[in-house]
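protein.pdb follows; it contains PDB, C-alpha atoms, pLDDT in the B column.
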```
ATOM      1  CA  MET I   1     124.569 153.817 121.763  1.00 80.00           C
ATOM      2  CA  VAL I   2     121.132 155.281 121.233  1.00 79.00           C
ATOM      3  CA  ASP I   3     120.332 157.356 118.147  1.00 87.00           C
ATOM      4  CA  THR I   4     117.637 159.628 119.555  1.00 87.00           C
ATOM      5  CA  ASN I   5     116.712 160.682 116.007  1.00 89.00           C
ATOM      6  CA  SER I   6     115.396 157.161 115.356  1.00 89.00           C
ATOM      7  CA  ILE I   7     113.056 157.171 118.378  1.00 91.00           C
ATOM      8  CA  GLU I   8     109.510 158.433 117.843  1.00 91.00           C
ATOM      9  CA  TRP I   9     108.051 161.166 120.043  1.00 94.00           C
ATOM     10  CA  ASN I  10     105.125 159.834 122.094  1.00 94.00           C
ATOM     11  CA  LYS I  11     102.472 162.151 123.491  1.00 93.00           C
ATOM     12  CA  PHE I  12     102.041 161.952 127.248  1.00 85.00           C
ATOM     13  CA  ARG I  13      99.948 164.241 129.393  1.00 80.00           C
ATOM     14  CA  ASP I  14      98.490 167.300 127.720  1.00 83.00           C
ATOM     15  CA  HIS I  15     101.147 169.550 126.192  1.00 90.00           C
ATOM     16  CA  ALA I  16     104.101 167.117 126.433  1.00 94.00           C
ATOM     17  CA  SER I  17     105.964 164.557 124.308  1.00 95.00           C
ATOM     18  CA  ILE I  18     108.571 162.019 125.359  1.00 94.00           C
ATOM     19  CA  LYS I  19     111.299 159.809 123.946  1.00 95.00           C
ATOM     20  CA  ASN I  20     112.209 156.951 126.298  1.00 91.00           C
ATOM     21  CA  LEU I  21     115.963 156.413 126.045  1.00 91.00           C
ATOM     22  CA  THR I  22     116.269 153.640 128.632  1.00 86.00           C
ATOM     23  CA  LYS I  23     114.001 151.811 131.082  1.00 78.00           C
ATOM     24  CA  ASP I  24     116.015 149.583 133.386  1.00 80.00           C
ATOM     25  CA  ASN I  25     116.468 150.428 137.061  1.00 82.00           C
ATOM     26  CA  ILE I  26     116.791 154.010 135.903  1.00 89.00           C
ATOM     27  CA  PHE I  27     114.603 155.860 133.415  1.00 91.00           C
ATOM     28  CA  ILE I  28     116.235 158.374 131.101  1.00 93.00           C
ATOM     29  CA  ASP I  29     113.824 160.371 128.969  1.00 94.00           C
ATOM     30  CA  LEU I  30     114.009 163.262 126.543  1.00 96.00           C
ATOM     31  CA  ILE I  31     110.930 165.429 127.092  1.00 95.00           C
ATOM     32  CA  ASN I  32     109.433 168.329 125.136  1.00 96.00           C
ATOM     33  CA  LEU I  33     106.983 170.588 126.953  1.00 95.00           C
ATOM     34  CA  ASP I  34     104.808 172.877 124.819  1.00 96.00           C
ATOM     35  CA  PRO I  35     105.057 176.682 125.153  1.00 96.00           C
ATOM     36  CA  ASN I  36     103.067 178.415 127.896  1.00 95.00           C
ATOM     37  CA  SER I  37     101.790 175.137 129.344  1.00 94.00           C
ATOM     38  CA  SER I  38     100.806 174.503 132.943  1.00 91.00           C
ATOM     39  CA  PHE I  39     101.147 171.164 134.710  1.00 88.00           C
ATOM     40  CA  ASP I  40      99.213 170.418 137.887  1.00 88.00           C
ATOM     41  CA  GLU I  41     100.939 169.763 141.173  1.00 87.00           C
ATOM     42  CA  HIS I  42     102.465 166.305 141.365  1.00 87.00           C
ATOM     43  CA  VAL I  43     104.494 164.356 143.904  1.00 88.00           C
ATOM     44  CA  HIS I  44     107.806 162.767 142.995  1.00 85.00           C
ATOM     45  CA  GLU I  45     107.527 159.049 143.717  1.00 86.00           C
ATOM     46  CA  ASN I  46     111.319 158.653 143.445  1.00 87.00           C
ATOM     47  CA  ASP I  47     114.369 160.877 143.239  1.00 90.00           C
ATOM     48  CA  GLU I  48     114.737 162.523 139.834  1.00 92.00           C
ATOM     49  CA  TRP I  49     117.155 164.818 138.070  1.00 95.00           C
ATOM     50  CA  VAL I  50     116.315 167.266 135.287  1.00 96.00           C
ATOM     51  CA  PHE I  51     118.736 168.981 132.907  1.00 98.00           C
ATOM     52  CA  VAL I  52     117.257 171.799 130.806  1.00 98.00           C
ATOM     53  CA  LEU I  53     118.404 171.660 127.174  1.00 98.00           C
ATOM     54  CA  LYS I  54     116.225 174.432 125.679  1.00 97.00           C
ATOM     55  CA  GLY I  55     113.593 176.928 126.747  1.00 97.00           C
ATOM     56  CA  SER I  56     112.481 177.310 130.346  1.00 97.00           C
ATOM     57  CA  PHE I  57     110.028 176.259 133.012  1.00 96.00           C
ATOM     58  CA  SER I  58     109.198 177.544 136.465  1.00 95.00           C
ATOM     59  CA  ASP I  59     107.762 176.202 139.689  1.00 92.00           C
ATOM     60  CA  GLU I  60     107.280 177.419 143.249  1.00 91.00           C
ATOM     61  CA  ASN I  61     111.053 177.459 143.772  1.00 90.00           C
ATOM     62  CA  GLY I  62     112.166 179.468 140.739  1.00 94.00           C
ATOM     63  CA  THR I  63     112.670 179.608 136.988  1.00 96.00           C
ATOM     64  CA  TYR I  64     114.987 177.193 135.192  1.00 97.00           C
ATOM     65  CA  SER I  65     116.435 177.667 131.732  1.00 97.00           C
ATOM     66  CA  LYS I  66     119.064 176.144 129.424  1.00 97.00           C
ATOM     67  CA  GLY I  67     121.928 174.696 131.432  1.00 98.00           C
ATOM     68  CA  HIS I  68     120.095 174.437 134.764  1.00 98.00           C
ATOM     69  CA  PHE I  69     120.220 171.126 136.638  1.00 98.00           C
ATOM     70  CA  ILE I  70     117.403 170.447 139.101  1.00 95.00           C
ATOM     71  CA  VAL I  71     117.193 167.723 141.746  1.00 93.00           C
ATOM     72  CA  GLY I  72     113.724 166.538 142.761  1.00 89.00           C
ATOM     73  CA  LYS I  73     113.822 164.504 145.947  1.00 89.00           C
ATOM     74  CA  LYS I  74     111.442 161.627 146.576  1.00 88.00           C
ATOM     75  CA  GLY I  75     108.265 162.978 148.170  1.00 89.00           C
ATOM     76  CA  SER I  76     108.765 166.536 146.947  1.00 88.00           C
ATOM     77  CA  LYS I  77     105.913 168.179 145.058  1.00 88.00           C
ATOM     78  CA  HIS I  78     105.460 171.098 142.717  1.00 88.00           C
ATOM     79  CA  SER I  79     103.441 172.452 139.808  1.00 90.00           C
ATOM     80  CA  THR I  80     105.169 173.750 136.686  1.00 92.00           C
ATOM     81  CA  LYS I  81     104.649 176.243 133.870  1.00 95.00           C
ATOM     82  CA  THR I  82     106.720 176.523 130.727  1.00 95.00           C
ATOM     83  CA  GLY I  83     107.914 179.759 129.157  1.00 93.00           C
ATOM     84  CA  PRO I  84     107.007 181.183 125.740  1.00 95.00           C
ATOM     85  CA  ASP I  85     109.513 178.907 123.959  1.00 95.00           C
ATOM     86  CA  GLY I  86     108.435 175.740 125.737  1.00 96.00           C
ATOM     87  CA  CYS I  87     111.080 173.543 127.274  1.00 97.00           C
ATOM     88  CA  GLN I  88     113.150 170.476 126.413  1.00 97.00           C
ATOM     89  CA  VAL I  89     114.747 168.474 129.218  1.00 97.00           C
ATOM     90  CA  ILE I  90     116.523 165.255 129.959  1.00 97.00           C
ATOM     91  CA  LEU I  91     114.802 163.550 132.880  1.00 94.00           C
ATOM     92  CA  ILE I  92     116.556 160.852 134.887  1.00 95.00           C
ATOM     93  CA  LYS I  93     114.749 159.003 137.635  1.00 90.00           C
ATOM     94  CA  LEU I  94     115.350 155.945 139.733  1.00 83.00           C
ATOM     95  CA  VAL I  95     112.770 153.188 139.638  1.00 79.00           C
ATOM     96  CA  LYS I  96     112.545 151.150 142.813  1.00 66.00           C
TER
END
```

Now that the file is in, can you turn its structure into C-alpha cells?
Amino acid sequence: MVDTNSIEWNKFRDHASIKNLTKDNIFIDLINLDPNSSFDEHVHENDEWVFVLKGSFSDENGTYSKGHFIVGKKGSKHSTKTGPDGCQVILIKLVK
C-alpha cells in the first residue's frame, strides 16, 4: 500500500511536478502539469500508458481529458500542451 499523501511532490521539467509511486521494472508516477504549459517534442523510449485524472492536455493526435486512457508506443513522439486547468495524470511505463 502506498499513501500518496505522504509522498512529496518533486519538481521536474518546467511546469511539472511528480510523485514516484514505484520504480521497479515498471515506473508508476502521479504527475501534475501546470495550466497552459507547453512541453517540447519528445520520443518515448519505452511503451507508456497515461490515465487522465483531472484537467486536460493535447498533442498532435487530439485532446485528452478526465477519464481518457492514452497508449504511447516505444519510439512514438509528440509535443503536448495543457489546458487552462492544467492536468493530473497517472503515468505507467516499462523500464527495460

- May I ask for the distance between CA of Lys23 (chain I) and CA of Met1 (chain I), given in Å to one decimal place? 14.2 Å

- Item | Computed interatomic separation between CA of Lys77 (chain I) and CA of Leu30 (chain I) (Å) |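 Calculated distance between CA of Lys77 (chain I) and CA of Leu30 (chain I) is 20.8 Å.
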
- Distance criterion (all atoms listed in the file): nearest to Ile18 (chain I) out of I:Leu91, I:Val71, I:Ser6, I:His44: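 Using all atoms listed in the file, the shortest distance to Ile18 (chain I) belongs to I:Leu91.
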
Suppose a student applies the PyMOL selection byres ((chain I and resi 9) around 6) to this structure; what residues should they get, written as an mmCIF file with C-alpha atoms, in the frame of the given file?
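Just written: selection-v1.cif:
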```cif
data_model
loop_
_atom_site.group_PDB
_atom_site.id
_atom_site.type_symbol
_atom_site.label_atom_id
_atom_site.label_comp_id
_atom_site.auth_asym_id
_atom_site.auth_seq_id
_atom_site.Cartn_x
_atom_site.Cartn_y
_atom_site.Cartn_z
ATOM 1 C CA GLU I 8 109.510 158.433 117.843
ATOM 2 C CA ASN I 10 105.125 159.834 122.094
ATOM 3 C CA SER I 17 105.964 164.557 124.308
ATOM 4 C CA ILE I 18 108.571 162.019 125.359
ATOM 5 C CA LYS I 19 111.299 159.809 123.946
#
```

- Query: Hey, which of I:Val2, I:Ser65, I:Asp59, I:Phe27 ends up closest to Glu41 (chain I)? Count all atoms listed in the file.
  - Reply: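 Of the candidates, the smallest distance to Glu41 (chain I) is held by I:Asp59.
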
- Query: Mind pulling up the distance from CA of Asp3 (chain I) to CA of Ser37 (chain I)?
  - Reply: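 Atom-to-atom, CA of Ser37 (chain I) to CA of Asp3 (chain I), that is 28.0 Å.
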
- Item | region 79-86 of chain I surroundings by all atoms listed in the file, 10 Å radius, close-in-sequence under 5 positions cut, as a PyMOL selection string | chain I and resi 15-16+32-43+54-65

- Message: Show me the residues around (109.3, 160.2, 148.2) - criterion: an atom at most 7 Å away, all atoms listed in the file counted - as JSON, numbers by chain.
- Response: {"I": [44, 45, 46, 73, 74, 75, 76]}

The residues within 8 Å of (116.7, 169.4, 129.7), using all atoms listed in the file and the coordinates of the file, should be reported as a JSON list (two decimals) with C-alpha atoms, in the coordinates of the input; which are they?
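out.json, written as the output of this step:
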```json
[["chain", "number", "residue", "atom", "x", "y", "z"],
["I", 30, "LEU", "CA", 114.01, 163.26, 126.54],
["I", 31, "ILE", "CA", 110.93, 165.43, 127.09],
["I", 50, "VAL", "CA", 116.32, 167.27, 135.29],
["I", 51, "PHE", "CA", 118.74, 168.98, 132.91],
["I", 52, "VAL", "CA", 117.26, 171.80, 130.81],
["I", 53, "LEU", "CA", 118.40, 171.66, 127.17],
["I", 54, "LYS", "CA", 116.22, 174.43, 125.68],
["I", 66, "LYS", "CA", 119.06, 176.14, 129.42],
["I", 67, "GLY", "CA", 121.93, 174.70, 131.43],
["I", 68, "HIS", "CA", 120.10, 174.44, 134.76],
["I", 69, "PHE", "CA", 120.22, 171.13, 136.64],
["I", 87, "CYS", "CA", 111.08, 173.54, 127.27],
["I", 88, "GLN", "CA", 113.15, 170.48, 126.41],
["I", 89, "VAL", "CA", 114.75, 168.47, 129.22],
["I", 90, "ILE", "CA", 116.52, 165.26, 129.96],
["I", 91, "LEU", "CA", 114.80, 163.55, 132.88]]
```

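Proximity to Glu48 (chain I) was assessed for I:Val95, I:Gly72, I:Ile26, I:Thr4 counting only C-alpha atoms; the smallest distance is recorded for I:Gly72.
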
So for region 52-64 of chain I, what box centre and size do we get, axis-aligned, 3 Å extra on each of the six sides, every listed atom, Å to one decimal, as JSON?
```
{"center_x": 112.8, "center_y": 175.6, "center_z": 134.7, "size_x": 17.1, "size_y": 13.9, "size_z": 24.1}
```
